[in-house]
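Asks: One structure coming up, written as C-alpha cells, with questions to follow.
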Amino acid sequence: MLDIKLIRANPEEVKKRLATRDKNLPALIDKLLEIDQQRRELIKQVEQLQAQRKKLSKEIGILYKNKQAEQAEQLKGEVNRIAQQINDLKEKLSQLEKQFQQILLSIPNLPHPSVPIGEDENDNVEVRRWGEPRKFNFQPKPHWEIGEKLGILDFERGAKLSGSRFTVMYNKGARLERALINFMLDLHTKEHGYTEVWTPVLVRPEALIGTGQLPKFEEDLYKVCDENLYLLPTAEVSLTNLHMDEILKEEELPKYYTAYTPCFRREAGSHGKDVRGILRQHQFDKVELVKIVKPENSYQELEKLVNEAEKVLQLLELPYRVVELCTGDLGFSAAKTYDIEVWIPSQNRYREISSCSNTEDFQARRSKIRYKDKEGKNHFVHTLNGSGLAVGRTLLAIMENYQTEDGDFEIPKVLKDYI
RNA sequence: GGAUGGGUGCCCGAGCGGCCGAAGGGGCAGCACUGGAAAUGCUGUGUGCGGUUUUUCCGCACCGUGGGUUCAAAUCCCACCCCAUCCGCCA
C-alpha cells in the first residue's frame, strides 16, 4: 500500500513512476485523489458536528444535575438534529472510505528509481553470470524423459490423483527433494544467520492482503471450501505476517526467517505454458527467505539476500545468471526485484529459480508491521523476500545439468551427505 | 460437533451510561541516588485521522468488527469475527 500522504504531496511524480509499470495507473491515482478530497471534506464536517454534540451533551448532563430539566429537554432537540446530520454524512463517508481503501489496495508499489524502465521480461537487464553451461557430447534430454525412464517421476499417476501439473516422485527423486530442503535450510541457518521457522500452510485472508496477494489476485490462489482459509502460495506470506499488527523494538531488527513449505498456485493465466515436466506445478516445495529490516538498510539487505540465494546454486555448481526486473515485469508488491535464473540444458536457456524483492514499506503498511525507535516514534519496517530456492526447479536443474549419457544423472558433491 | 469464559494501550490488567484516552502494574526513556552498577525514588511514555502560525497547538475518532438504544456508550442490546478452556471425535 502506498502512503496516501506521499501521493497527495507528489501526485505527478507518483503517476510518472507508476506509469512505467502500467499506463492505466495514473488515471487510477487521479480517481483516488478525487475521492480522497471528498472524503476529507466530509471528515471535516462530521468532526465539527461531533464536537458540537459532545459539548451540548455534556451541558445536558450538568443541567439535569442542577434539576433544570426543562432547559435540558430543549437542548435534547437540538442535539437530536445534529445527530441526524452526523448520521447522514457518516453514511456517505463510509461509502467513500470503502472505495478509497479498495483503490488504494489495488495500486502496486512504486518502482525504485534504479529499476530499468521496460515493458516485459525482454527488457530485464542481466546483472551477472556464474558458471559455464556444460558442453554435452550427446543430446541432453529434458528432465521428464530422464525422470520417467528412471522411474522417479510419475506424471500419469500425479494426474490420476490430482490432475495436470501434479507429479508423483519415487526413490532417488523423492530423496533428492528431501535432501535439497535440508541442504538449503542448513545453509541459511548455519551460514547466513536465518532463524528456521515452520509455519501453517493454510492462512487467513488478512495475511494475504498484507503481503499483496489479495484482493487483486484471488484467482491465483486455492481457497479452502467452507472455510475462510487459503493454501499458501509462498512462505513469504506466513513469514512476513508473523509480525502482522505488531510494533517491534528497534533492537529486534533485523529479523531473518527461513522456512520450507509446500506452495500452491492455481496458475490461472498460464494454460499451455511449460506443460511438460515439473517446472510449473500447482504444488511445489520452496525454501523461502524473509527479512524484516530498518528502512535505511533495506537495499543493502537486498543485495545480501540475492547473494545468499546464489550461494545455493554455487555450492550445487549449477550455472546461473542474475537479472534485474524492469518496471513492467515487477511483481505487485515489489519496489525492486532480482531474479536468479538457472541454466536448463534441454531448453538451452536460463529459467527463473529464485526471485528476490525489496517491498520497502509496501507490505509493512498493509500488514501494520512497525518498529519503535529510540525516541519512541513508530516507523514502518521494510520487508524483503526471496526464494532460497524453489526446490522442484533445483531438482530439475540437477537432473538436466548432471545427466549422463546412459539416461541417469549424478548427485552434486555437496549433497552427498544429505542423500 | 456440544458447553463455557473472554477480546481494553508495547505487554499484563481494572473499569459505576456523563468528570474515561481510560486506574494499577510491567516494560521503555529521562532525572536523582552511587566510585560504578543493582535496588530504590521522581518524571515521562498509545495510535490514527483532520486542521494549523507545521519545534507548538487544537479538534475528532479509536477499548475485536459492524449495527442499534440514548441528549450522551469501553460500559446497555443485537449480529458477526477471533481467542482460550472442557467434553466428544480423530491423528
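Order determines the names: the first chain of the C-alpha cells is A, the second B, and so forth; residues in each chain are numbered 1 upward, and ligands are numbered 1 upward as they are shown.
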Give me the residues within 8 Å of stretch 25-29 of chain B as an mmCIF file with N, CA and C atoms (P, O5', C5', C4', C3', O3' and C1' of nucleotides), in the first residue's frame, counting only C-alpha atoms (C1' of nucleotides) and dropping any in the same chain fewer than 6 places off.

Replies:
```cif
data_model
loop_
_atom_site.group_PDB
_atom_site.id
_atom_site.type_symbol
_atom_site.label_atom_id
_atom_site.label_comp_id
_atom_site.auth_asym_id
_atom_site.auth_seq_id
_atom_site.Cartn_x
_atom_site.Cartn_y
_atom_site.Cartn_z
ATOM 1 N N GLU A 375 13.557 7.279 20.121
ATOM 2 C CA GLU A 375 12.768 8.416 20.591
ATOM 3 C C GLU A 375 11.315 8.027 20.877
ATOM 4 P P C B 10 -0.019 0.197 21.507
ATOM 5 O "O5'" C B 10 1.254 -0.631 21.998
ATOM 6 C "C5'" C B 10 2.078 -1.273 21.025
ATOM 7 C "C4'" C B 10 3.046 -2.173 21.734
ATOM 8 C "C3'" C B 10 2.410 -3.064 22.790
ATOM 9 O "O3'" C B 10 1.877 -4.239 22.215
ATOM 10 C "C1'" C B 10 4.321 -2.006 23.691
ATOM 11 P P C B 11 0.495 -4.840 22.828
ATOM 12 O "O5'" C B 11 1.009 -5.621 24.106
ATOM 13 C "C5'" C B 11 1.863 -6.762 23.970
ATOM 14 C "C4'" C B 11 2.254 -7.251 25.346
ATOM 15 C "C3'" C B 11 1.085 -7.474 26.299
ATOM 16 O "O3'" C B 11 0.485 -8.740 26.102
ATOM 17 C "C1'" C B 11 2.757 -6.237 27.404
ATOM 18 P P C B 12 -1.061 -8.927 26.492
ATOM 19 O "O5'" C B 12 -1.061 -8.869 28.085
ATOM 20 C "C5'" C B 12 -0.533 -9.949 28.842
ATOM 21 C "C4'" C B 12 -0.555 -9.608 30.308
ATOM 22 C "C3'" C B 12 -1.912 -9.322 30.919
ATOM 23 O "O3'" C B 12 -2.627 -10.507 31.223
ATOM 24 C "C1'" C B 12 -0.372 -7.702 31.677
ATOM 25 P P G B 13 -4.231 -10.481 31.383
ATOM 26 O "O5'" G B 13 -4.514 -9.264 32.375
ATOM 27 C "C5'" G B 13 -4.657 -9.461 33.778
ATOM 28 C "C4'" G B 13 -4.900 -8.142 34.462
ATOM 29 C "C3'" G B 13 -6.311 -7.572 34.310
ATOM 30 O "O3'" G B 13 -7.173 -8.090 35.315
ATOM 31 C "C1'" G B 13 -4.730 -5.896 33.777
ATOM 32 P P G B 44 4.432 13.075 34.916
ATOM 33 O "O5'" G B 44 4.957 12.625 33.482
ATOM 34 C "C5'" G B 44 5.446 13.597 32.562
ATOM 35 C "C4'" G B 44 6.203 12.912 31.448
ATOM 36 C "C3'" G B 44 5.403 11.909 30.626
ATOM 37 O "O3'" G B 44 4.597 12.560 29.661
ATOM 38 C "C1'" G B 44 7.508 10.987 31.157
ATOM 39 P P U B 45 3.218 11.893 29.233
ATOM 40 O "O5'" U B 45 3.689 10.636 28.379
ATOM 41 C "C5'" U B 45 4.496 10.790 27.210
ATOM 42 C "C4'" U B 45 4.930 9.432 26.720
ATOM 43 C "C3'" U B 45 3.796 8.444 26.513
ATOM 44 O "O3'" U B 45 3.172 8.666 25.265
ATOM 45 C "C1'" U B 45 5.597 7.384 27.639
#
```

Asks: Restrict the distance test to only C-alpha atoms (C1' of nucleotides), flag each residue of chain B within 10 Å of chain A, and return the flagged residues as a short mmCIF file (atom, residue, chain, number, x, y, z; two decimals) with all heavy atoms, in the first residue's frame.

Replies:
```
data_model
loop_
_atom_site.label_atom_id
_atom_site.label_comp_id
_atom_site.auth_asym_id
_atom_site.auth_seq_id
_atom_site.Cartn_x
_atom_site.Cartn_y
_atom_site.Cartn_z
P C B 10 -0.02 0.20 21.51
OP1 C B 10 0.43 1.48 21.00
OP2 C B 10 -0.86 -0.69 20.67
"O5'" C B 10 1.25 -0.63 22.00
"C5'" C B 10 2.08 -1.27 21.02
"C4'" C B 10 3.05 -2.17 21.73
"O4'" C B 10 3.98 -1.35 22.48
"C3'" C B 10 2.41 -3.06 22.79
"O3'" C B 10 1.88 -4.24 22.22
"C2'" C B 10 3.58 -3.35 23.71
"O2'" C B 10 4.42 -4.33 23.18
"C1'" C B 10 4.32 -2.01 23.69
N1 C B 10 3.95 -1.11 24.82
C2 C B 10 4.43 -1.43 26.10
O2 C B 10 5.12 -2.44 26.25
N3 C B 10 4.12 -0.62 27.14
C4 C B 10 3.36 0.46 26.94
N4 C B 10 3.08 1.21 28.00
C5 C B 10 2.85 0.79 25.66
C6 C B 10 3.17 -0.01 24.64
P G B 18 -20.85 6.97 33.61
OP1 G B 18 -19.46 6.60 33.87
OP2 G B 18 -21.75 7.29 34.70
"O5'" G B 18 -20.88 8.19 32.58
"C5'" G B 18 -19.76 8.52 31.80
"C4'" G B 18 -19.96 9.90 31.24
"O4'" G B 18 -21.37 10.20 31.25
"C3'" G B 18 -19.28 11.02 32.01
"O3'" G B 18 -18.37 11.61 31.10
"C2'" G B 18 -20.40 12.00 32.38
"O2'" G B 18 -20.03 13.31 31.92
"C1'" G B 18 -21.54 11.58 31.51
N9 G B 18 -22.92 11.70 31.96
C8 G B 18 -23.52 11.28 33.10
N7 G B 18 -24.82 11.47 33.11
C5 G B 18 -25.08 12.07 31.88
C6 G B 18 -26.30 12.51 31.32
O6 G B 18 -27.43 12.43 31.77
N1 G B 18 -26.11 13.07 30.06
C2 G B 18 -24.90 13.17 29.45
N2 G B 18 -24.89 13.72 28.24
N3 G B 18 -23.75 12.75 29.95
C4 G B 18 -23.92 12.22 31.17
P C B 19 -16.90 11.56 31.04
OP1 C B 19 -16.55 11.76 29.66
OP2 C B 19 -16.42 10.37 31.80
"O5'" C B 19 -16.55 12.88 31.85
"C5'" C B 19 -15.24 13.38 31.88
"C4'" C B 19 -14.86 13.74 33.27
"O4'" C B 19 -16.01 14.28 33.98
"C3'" C B 19 -14.49 12.55 34.16
"O3'" C B 19 -13.17 12.14 33.91
"C2'" C B 19 -14.64 13.14 35.56
"O2'" C B 19 -13.53 13.87 35.96
"C1'" C B 19 -15.85 14.07 35.35
N1 C B 19 -17.09 13.47 35.89
C2 C B 19 -17.51 13.83 37.18
O2 C B 19 -16.84 14.66 37.81
N3 C B 19 -18.62 13.28 37.69
C4 C B 19 -19.31 12.39 36.98
N4 C B 19 -20.41 11.87 37.52
C5 C B 19 -18.90 11.99 35.67
C6 C B 19 -17.79 12.55 35.16
P C B 28 13.28 -2.44 30.45
OP1 C B 28 14.47 -3.18 29.97
OP2 C B 28 13.22 -1.96 31.85
"O5'" C B 28 13.02 -1.20 29.48
"C5'" C B 28 13.03 -1.38 28.06
"C4'" C B 28 12.52 -0.13 27.39
"O4'" C B 28 11.14 0.11 27.77
"C3'" C B 28 13.23 1.15 27.80
"O3'" C B 28 14.46 1.32 27.15
"C2'" C B 28 12.19 2.20 27.41
"O2'" C B 28 12.17 2.42 26.02
"C1'" C B 28 10.90 1.52 27.84
N1 C B 28 10.50 1.87 29.22
C2 C B 28 9.84 3.09 29.43
O2 C B 28 9.62 3.82 28.44
N3 C B 28 9.46 3.44 30.68
C4 C B 28 9.73 2.63 31.70
N4 C B 28 9.33 3.03 32.91
C5 C B 28 10.41 1.39 31.53
C6 C B 28 10.77 1.05 30.28
P A B 29 15.68 2.00 27.95
OP1 A B 29 16.89 1.79 27.14
OP2 A B 29 15.64 1.59 29.37
"O5'" A B 29 15.27 3.55 27.87
"C5'" A B 29 15.23 4.21 26.62
"C4'" A B 29 14.74 5.62 26.81
"O4'" A B 29 13.36 5.59 27.28
"C3'" A B 29 15.46 6.43 27.89
"O3'" A B 29 16.67 6.98 27.41
"C2'" A B 29 14.42 7.49 28.23
"O2'" A B 29 14.38 8.50 27.24
"C1'" A B 29 13.14 6.66 28.18
N9 A B 29 12.78 6.11 29.50
C8 A B 29 12.97 4.83 29.96
N7 A B 29 12.53 4.64 31.18
C5 A B 29 12.02 5.88 31.55
C6 A B 29 11.40 6.34 32.72
N6 A B 29 11.20 5.57 33.79
N1 A B 29 11.00 7.63 32.76
C2 A B 29 11.21 8.40 31.68
N3 A B 29 11.78 8.08 30.52
C4 A B 29 12.16 6.79 30.52
P U B 45 3.22 11.89 29.23
OP1 U B 45 2.56 12.85 28.32
OP2 U B 45 2.52 11.39 30.43
"O5'" U B 45 3.69 10.64 28.38
"C5'" U B 45 4.50 10.79 27.21
"C4'" U B 45 4.93 9.43 26.72
"O4'" U B 45 5.76 8.79 27.71
"C3'" U B 45 3.80 8.44 26.51
"O3'" U B 45 3.17 8.67 25.27
"C2'" U B 45 4.54 7.11 26.56
"O2'" U B 45 5.18 6.83 25.34
"C1'" U B 45 5.60 7.38 27.64
N1 U B 45 5.24 6.85 28.97
C2 U B 45 5.59 5.54 29.25
O2 U B 45 6.14 4.82 28.45
N3 U B 45 5.25 5.11 30.51
C4 U B 45 4.62 5.83 31.49
O4 U B 45 4.39 5.30 32.58
C5 U B 45 4.28 7.17 31.12
C6 U B 45 4.60 7.64 29.90
P U B 47 2.25 6.60 19.71
OP1 U B 47 3.55 6.27 19.12
OP2 U B 47 1.94 8.00 20.09
"O5'" U B 47 1.10 6.09 18.74
"C5'" U B 47 1.12 4.76 18.25
"C4'" U B 47 -0.17 4.46 17.53
"O4'" U B 47 -1.28 4.56 18.46
"C3'" U B 47 -0.54 5.43 16.43
"O3'" U B 47 0.16 5.17 15.23
"C2'" U B 47 -2.03 5.17 16.29
"O2'" U B 47 -2.28 3.95 15.63
"C1'" U B 47 -2.44 5.00 17.76
N1 U B 47 -2.92 6.26 18.36
C2 U B 47 -4.21 6.67 18.07
O2 U B 47 -4.94 6.03 17.33
N3 U B 47 -4.61 7.83 18.66
C4 U B 47 -3.87 8.62 19.50
O4 U B 47 -4.38 9.65 19.97
C5 U B 47 -2.54 8.15 19.75
C6 U B 47 -2.11 7.02 19.18
P C B 49 -2.51 8.60 9.70
OP1 C B 49 -2.11 8.19 8.35
OP2 C B 49 -1.59 9.36 10.57
"O5'" C B 49 -3.87 9.42 9.63
"C5'" C B 49 -4.98 8.92 8.90
"C4'" C B 49 -6.20 9.74 9.19
"O4'" C B 49 -6.47 9.72 10.63
"C3'" C B 49 -6.08 11.22 8.89
"O3'" C B 49 -6.23 11.50 7.52
"C2'" C B 49 -7.22 11.78 9.73
"O2'" C B 49 -8.48 11.53 9.15
"C1'" C B 49 -7.08 10.94 11.00
N1 C B 49 -6.25 11.60 12.04
C2 C B 49 -6.85 12.61 12.82
O2 C B 49 -8.04 12.90 12.61
N3 C B 49 -6.12 13.23 13.78
C4 C B 49 -4.85 12.87 13.98
N4 C B 49 -4.18 13.51 14.92
C5 C B 49 -4.22 11.87 13.19
C6 C B 49 -4.95 11.27 12.23
P G B 50 -5.45 12.73 6.91
OP1 G B 50 -5.69 12.66 5.46
OP2 G B 50 -4.07 12.77 7.42
"O5'" G B 50 -6.22 13.98 7.51
"C5'" G B 50 -7.52 14.28 7.04
"C4'" G B 50 -8.12 15.36 7.89
"O4'" G B 50 -8.12 14.96 9.29
"C3'" G B 50 -7.38 16.68 7.92
"O3'" G B 50 -7.57 17.45 6.75
"C2'" G B 50 -7.98 17.33 9.16
"O2'" G B 50 -9.29 17.80 8.90
"C1'" G B 50 -8.07 16.12 10.10
N9 G B 50 -6.89 16.05 10.98
C8 G B 50 -5.81 15.21 10.88
N7 G B 50 -4.92 15.41 11.82
C5 G B 50 -5.45 16.45 12.58
C6 G B 50 -4.94 17.10 13.74
O6 G B 50 -3.89 16.88 14.34
N1 G B 50 -5.79 18.10 14.18
C2 G B 50 -6.98 18.44 13.59
N2 G B 50 -7.66 19.44 14.15
N3 G B 50 -7.47 17.84 12.51
C4 G B 50 -6.66 16.86 12.07
P G B 51 -6.44 18.41 6.28
OP1 G B 51 -6.89 18.92 4.97
OP2 G B 51 -5.14 17.71 6.39
"O5'" G B 51 -6.47 19.58 7.34
"C5'" G B 51 -7.55 20.51 7.33
"C4'" G B 51 -7.49 21.37 8.57
"O4'" G B 51 -7.39 20.53 9.74
"C3'" G B 51 -6.30 22.30 8.70
"O3'" G B 51 -6.40 23.44 7.88
"C2'" G B 51 -6.38 22.64 10.18
"O2'" G B 51 -7.41 23.56 10.46
"C1'" G B 51 -6.76 21.27 10.78
N9 G B 51 -5.55 20.55 11.24
C8 G B 51 -4.93 19.49 10.66
N7 G B 51 -3.87 19.08 11.33
C5 G B 51 -3.80 19.95 12.41
C6 G B 51 -2.88 20.01 13.48
O6 G B 51 -1.90 19.30 13.70
N1 G B 51 -3.17 21.05 14.37
C2 G B 51 -4.22 21.91 14.22
N2 G B 51 -4.35 22.84 15.16
N3 G B 51 -5.11 21.86 13.23
C4 G B 51 -4.83 20.86 12.37
P G B 59 -9.06 20.72 21.97
OP1 G B 59 -10.05 21.10 22.99
OP2 G B 59 -7.98 19.77 22.32
"O5'" G B 59 -9.82 20.15 20.71
"C5'" G B 59 -10.86 20.91 20.11
"C4'" G B 59 -11.27 20.25 18.82
"O4'" G B 59 -10.15 20.21 17.91
"C3'" G B 59 -11.67 18.78 18.94
"O3'" G B 59 -12.99 18.66 19.42
"C2'" G B 59 -11.51 18.31 17.50
"O2'" G B 59 -12.59 18.77 16.70
"C1'" G B 59 -10.25 19.06 17.08
N9 G B 59 -9.03 18.25 17.26
C8 G B 59 -8.09 18.38 18.25
N7 G B 59 -7.09 17.52 18.12
C5 G B 59 -7.42 16.79 16.98
C6 G B 59 -6.72 15.73 16.34
O6 G B 59 -5.65 15.20 16.67
N1 G B 59 -7.40 15.27 15.21
C2 G B 59 -8.60 15.79 14.76
N2 G B 59 -9.09 15.22 13.67
N3 G B 59 -9.25 16.79 15.34
C4 G B 59 -8.60 17.23 16.44
P C B 60 -13.41 17.39 20.26
OP1 C B 60 -14.78 17.61 20.74
OP2 C B 60 -12.32 17.07 21.23
"O5'" C B 60 -13.42 16.25 19.15
"C5'" C B 60 -14.39 16.29 18.11
"C4'" C B 60 -14.07 15.24 17.09
"O4'" C B 60 -12.76 15.48 16.54
"C3'" C B 60 -13.96 13.83 17.62
"O3'" C B 60 -15.22 13.24 17.85
"C2'" C B 60 -13.19 13.15 16.49
"O2'" C B 60 -14.02 12.93 15.37
"C1'" C B 60 -12.18 14.24 16.15
N1 C B 60 -10.90 14.04 16.85
C2 C B 60 -9.99 13.10 16.32
O2 C B 60 -10.31 12.48 15.30
N3 C B 60 -8.81 12.91 16.95
C4 C B 60 -8.52 13.59 18.04
N4 C B 60 -7.33 13.36 18.62
C5 C B 60 -9.41 14.54 18.60
C6 C B 60 -10.59 14.74 17.98
P A B 61 -15.39 12.14 18.99
OP1 A B 61 -16.83 11.87 19.14
OP2 A B 61 -14.57 12.48 20.16
"O5'" A B 61 -14.71 10.91 18.25
"C5'" A B 61 -15.27 10.40 17.05
"C4'" A B 61 -14.31 9.43 16.42
"O4'" A B 61 -13.04 10.07 16.18
"C3'" A B 61 -13.94 8.22 17.28
"O3'" A B 61 -14.94 7.23 17.23
"C2'" A B 61 -12.64 7.77 16.63
"O2'" A B 61 -12.88 7.08 15.42
"C1'" A B 61 -12.00 9.12 16.29
N9 A B 61 -11.06 9.57 17.33
C8 A B 61 -11.24 10.53 18.29
N7 A B 61 -10.18 10.72 19.06
C5 A B 61 -9.24 9.82 18.55
C6 A B 61 -7.92 9.52 18.91
N6 A B 61 -7.27 10.13 19.91
N1 A B 61 -7.28 8.58 18.20
C2 A B 61 -7.92 7.97 17.19
N3 A B 61 -9.16 8.17 16.76
C4 A B 61 -9.77 9.12 17.48
P C B 71 -32.85 10.70 23.72
OP1 C B 71 -33.76 11.52 24.50
OP2 C B 71 -33.23 10.17 22.38
"O5'" C B 71 -31.47 11.50 23.54
"C5'" C B 71 -31.37 12.53 22.57
"C4'" C B 71 -30.14 13.36 22.87
"O4'" C B 71 -30.32 14.03 24.14
"C3'" C B 71 -28.87 12.56 23.08
"O3'" C B 71 -28.25 12.26 21.85
"C2'" C B 71 -28.02 13.50 23.91
"O2'" C B 71 -27.44 14.50 23.13
"C1'" C B 71 -29.09 14.13 24.82
N1 C B 71 -29.21 13.45 26.12
C2 C B 71 -28.21 13.66 27.09
O2 C B 71 -27.25 14.38 26.80
N3 C B 71 -28.31 13.06 28.29
C4 C B 71 -29.36 12.28 28.55
N4 C B 71 -29.41 11.70 29.75
C5 C B 71 -30.38 12.04 27.58
C6 C B 71 -30.28 12.65 26.40
P A B 72 -27.69 10.81 21.60
OP1 A B 72 -27.13 10.79 20.24
OP2 A B 72 -28.73 9.83 21.98
"O5'" A B 72 -26.50 10.73 22.64
"C5'" A B 72 -25.30 11.47 22.38
"C4'" A B 72 -24.35 11.33 23.54
"O4'" A B 72 -25.00 11.80 24.75
"C3'" A B 72 -23.96 9.90 23.88
"O3'" A B 72 -22.91 9.45 23.06
"C2'" A B 72 -23.54 10.03 25.34
"O2'" A B 72 -22.24 10.57 25.45
"C1'" A B 72 -24.54 11.06 25.85
N9 A B 72 -25.69 10.44 26.51
C8 A B 72 -26.94 10.22 25.99
N7 A B 72 -27.77 9.65 26.83
C5 A B 72 -27.01 9.47 27.98
C6 A B 72 -27.31 8.91 29.24
N6 A B 72 -28.50 8.42 29.58
N1 A B 72 -26.33 8.89 30.16
C2 A B 72 -25.13 9.39 29.83
N3 A B 72 -24.73 9.95 28.68
C4 A B 72 -25.73 9.96 27.79
#
```

Asks: Could you go through stretch 198-382 of chain A and tell me which residues DSSP, when run on the backbone, assigns to alpha helix (DSSP H), listing them as a PyMOL selection string?

Replies: chain A and resi 205-211+235-240+298-316+362-367

Asks: So which residues touch stretch 73-81 of chain B within 8 Å, counting only C-alpha atoms (C1' of nucleotides), skipping near sequence neighbours fewer than 2 positions away, as a list in words?

Replies: U8, G17, C63, G64, U65, G66, G67, G68 and U69 of chain B

Asks: If you keep N, CA and C atoms (P, O5', C5', C4', C3', O3' and C1' of nucleotides), can you produce a file of those selected residues as a PDB file, in the first residue's frame?

Replies:
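Just written: again-v3.pdb:
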```pdb
ATOM      1  P     U B   8      -7.656  -7.291  24.539  1.00  0.00           P
ATOM      2  O5'   U B   8      -8.266  -5.881  24.883  1.00  0.00           O
ATOM      3  C5'   U B   8      -8.463  -4.910  23.856  1.00  0.00           C
ATOM      4  C4'   U B   8      -8.598  -3.560  24.472  1.00  0.00           C
ATOM      5  C3'   U B   8      -7.332  -2.991  25.095  1.00  0.00           C
ATOM      6  O3'   U B   8      -6.507  -2.358  24.137  1.00  0.00           O
ATOM      7  C1'   U B   8      -9.147  -2.720  26.588  1.00  0.00           C
ATOM      8  P     G B  17     -23.773   1.566  35.024  1.00  0.00           P
ATOM      9  O5'   G B  17     -22.988   2.778  34.295  1.00  0.00           O
ATOM     10  C5'   G B  17     -22.672   2.670  32.998  1.00  0.00           C
ATOM     11  C4'   G B  17     -22.628   3.931  32.210  1.00  0.00           C
ATOM     12  C3'   G B  17     -22.763   5.278  32.923  1.00  0.00           C
ATOM     13  O3'   G B  17     -21.458   5.896  32.890  1.00  0.00           O
ATOM     14  C1'   G B  17     -24.059   5.166  30.893  1.00  0.00           C
ATOM     15  P     C B  63     -13.537   1.480  20.276  1.00  0.00           P
ATOM     16  O5'   C B  63     -12.393   0.961  21.251  1.00  0.00           O
ATOM     17  C5'   C B  63     -11.505  -0.096  20.868  1.00  0.00           C
ATOM     18  C4'   C B  63     -11.152  -0.871  22.119  1.00  0.00           C
ATOM     19  C3'   C B  63     -12.326  -1.678  22.673  1.00  0.00           C
ATOM     20  O3'   C B  63     -11.932  -3.027  22.758  1.00  0.00           O
ATOM     21  C1'   C B  63     -11.445  -0.180  24.328  1.00  0.00           C
ATOM     22  P     G B  64     -12.912  -4.197  22.492  1.00  0.00           P
ATOM     23  O5'   G B  64     -12.567  -4.609  20.984  1.00  0.00           O
ATOM     24  C5'   G B  64     -11.211  -4.693  20.546  1.00  0.00           C
ATOM     25  C4'   G B  64     -11.170  -5.420  19.227  1.00  0.00           C
ATOM     26  C3'   G B  64     -12.179  -4.918  18.207  1.00  0.00           C
ATOM     27  O3'   G B  64     -11.655  -3.837  17.470  1.00  0.00           O
ATOM     28  C1'   G B  64     -12.314  -7.270  18.377  1.00  0.00           C
ATOM     29  P     U B  65     -12.615  -2.712  16.912  1.00  0.00           P
ATOM     30  O5'   U B  65     -13.430  -3.478  15.788  1.00  0.00           O
ATOM     31  C5'   U B  65     -12.861  -3.755  14.508  1.00  0.00           C
ATOM     32  C4'   U B  65     -13.924  -4.302  13.582  1.00  0.00           C
ATOM     33  C3'   U B  65     -15.179  -3.439  13.468  1.00  0.00           C
ATOM     34  O3'   U B  65     -15.015  -2.375  12.547  1.00  0.00           O
ATOM     35  C1'   U B  65     -15.813  -5.676  13.825  1.00  0.00           C
ATOM     36  P     G B  66     -15.900  -1.064  12.742  1.00  0.00           P
ATOM     37  O5'   G B  66     -17.364  -1.562  12.365  1.00  0.00           O
ATOM     38  C5'   G B  66     -17.656  -1.948  11.032  1.00  0.00           C
ATOM     39  C4'   G B  66     -19.055  -2.496  10.958  1.00  0.00           C
ATOM     40  C3'   G B  66     -20.137  -1.580  11.498  1.00  0.00           C
ATOM     41  O3'   G B  66     -20.473  -0.565  10.581  1.00  0.00           O
ATOM     42  C1'   G B  66     -20.495  -3.765  12.292  1.00  0.00           C
ATOM     43  P     G B  67     -21.426   0.625  11.087  1.00  0.00           P
ATOM     44  O5'   G B  67     -22.841  -0.077  11.101  1.00  0.00           O
ATOM     45  C5'   G B  67     -23.907   0.561  11.737  1.00  0.00           C
ATOM     46  C4'   G B  67     -24.998  -0.440  12.001  1.00  0.00           C
ATOM     47  C3'   G B  67     -25.998   0.039  13.047  1.00  0.00           C
ATOM     48  O3'   G B  67     -26.953   0.902  12.465  1.00  0.00           O
ATOM     49  C1'   G B  67     -25.277  -2.112  13.628  1.00  0.00           C
ATOM     50  P     G B  68     -27.197   2.289  13.195  1.00  0.00           P
ATOM     51  O5'   G B  68     -28.076   1.859  14.442  1.00  0.00           O
ATOM     52  C5'   G B  68     -29.270   1.124  14.224  1.00  0.00           C
ATOM     53  C4'   G B  68     -29.750   0.515  15.508  1.00  0.00           C
ATOM     54  C3'   G B  68     -30.068   1.490  16.634  1.00  0.00           C
ATOM     55  O3'   G B  68     -31.311   2.128  16.440  1.00  0.00           O
ATOM     56  C1'   G B  68     -28.882  -0.370  17.488  1.00  0.00           C
ATOM     57  P     U B  69     -31.564   3.548  17.076  1.00  0.00           P
ATOM     58  O5'   U B  69     -31.638   3.236  18.625  1.00  0.00           O
ATOM     59  C5'   U B  69     -32.732   2.517  19.172  1.00  0.00           C
ATOM     60  C4'   U B  69     -32.565   2.400  20.672  1.00  0.00           C
ATOM     61  C3'   U B  69     -32.381   3.727  21.404  1.00  0.00           C
ATOM     62  O3'   U B  69     -33.622   4.360  21.661  1.00  0.00           O
ATOM     63  C1'   U B  69     -30.769   2.166  22.158  1.00  0.00           C
TER      64        U B  69
END
```

Asks: Taking the DSSP assignment computed from this structure's backbone, write out as a PyMOL selection string all residues of stretch 318-408 of chain A that belong to strand (DSSP E or B).

Replies: chain A and resi 320-324+336-344+349-358+369-372+378-380+382-390+403

Asks: I want to know what sits within 9 Å of A:His188, based on only C-alpha atoms (C1' of nucleotides), with residues of the same chain fewer than 5 positions away left out; could you give that as a ChimeraX atom specification?

Replies: /A:183,193-196,258,289,308-309,388

Asks: Residues near A:Val414, anyone? I mean within 9 Å using only C-alpha atoms (C1' of nucleotides), not counting same-chain ones fewer than 2 positions away, as a PyMOL selection string.

Replies: chain A and resi 183+315-316+411-412+416-418

Asks: Hey, what's within 10 Å of A:Phe155 if we count only C-alpha atoms (C1' of nucleotides) and toss same-chain stuff fewer than 3 positions away? As a PyMOL selection string, please?

Replies: chain A and resi 144+147-148+152+158-161+163-169+276-278

Asks: Which is closer to A:Lys98 than all the others in A:Lys23, A:Lys377, A:Arg17, A:Arg39, using only C-alpha atoms?

Replies: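 When distances to A:Lys98 are compared using only C-alpha atoms, the smallest one comes from A:Arg39.
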
Asks: Let me make sure I understand: among A:Asp406, A:Glu288, A:Glu360, A:Glu324, which one has the smallest atom-to-atom distance to A:Gly118 if we use only C-alpha atoms?

Replies: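 The closest residue to A:Gly118 is A:Glu324.
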
Asks: Env of stretch 2-6 of chain B: 10 Å cut, atoms = only C-alpha atoms (C1' of nucleotides), seq-sep filter 6 positions within chain, self excluded. Answer as a PyMOL selection string.

Replies: chain B and resi 83-88

Asks: Find the residue from B:C82, B:C20, B:C33, B:C42 that sits nearest to B:G7; use only C-alpha atoms (C1' of nucleotides) when measuring.

Replies: B:C82

Asks: Restricting the calculation to only C-alpha atoms, which member of A:Cys356, A:Ile82, A:Leu33, A:Ala9 is positioned closest to A:Leu325?

Replies: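 Of all the options, A:Cys356 lies closest to A:Leu325.
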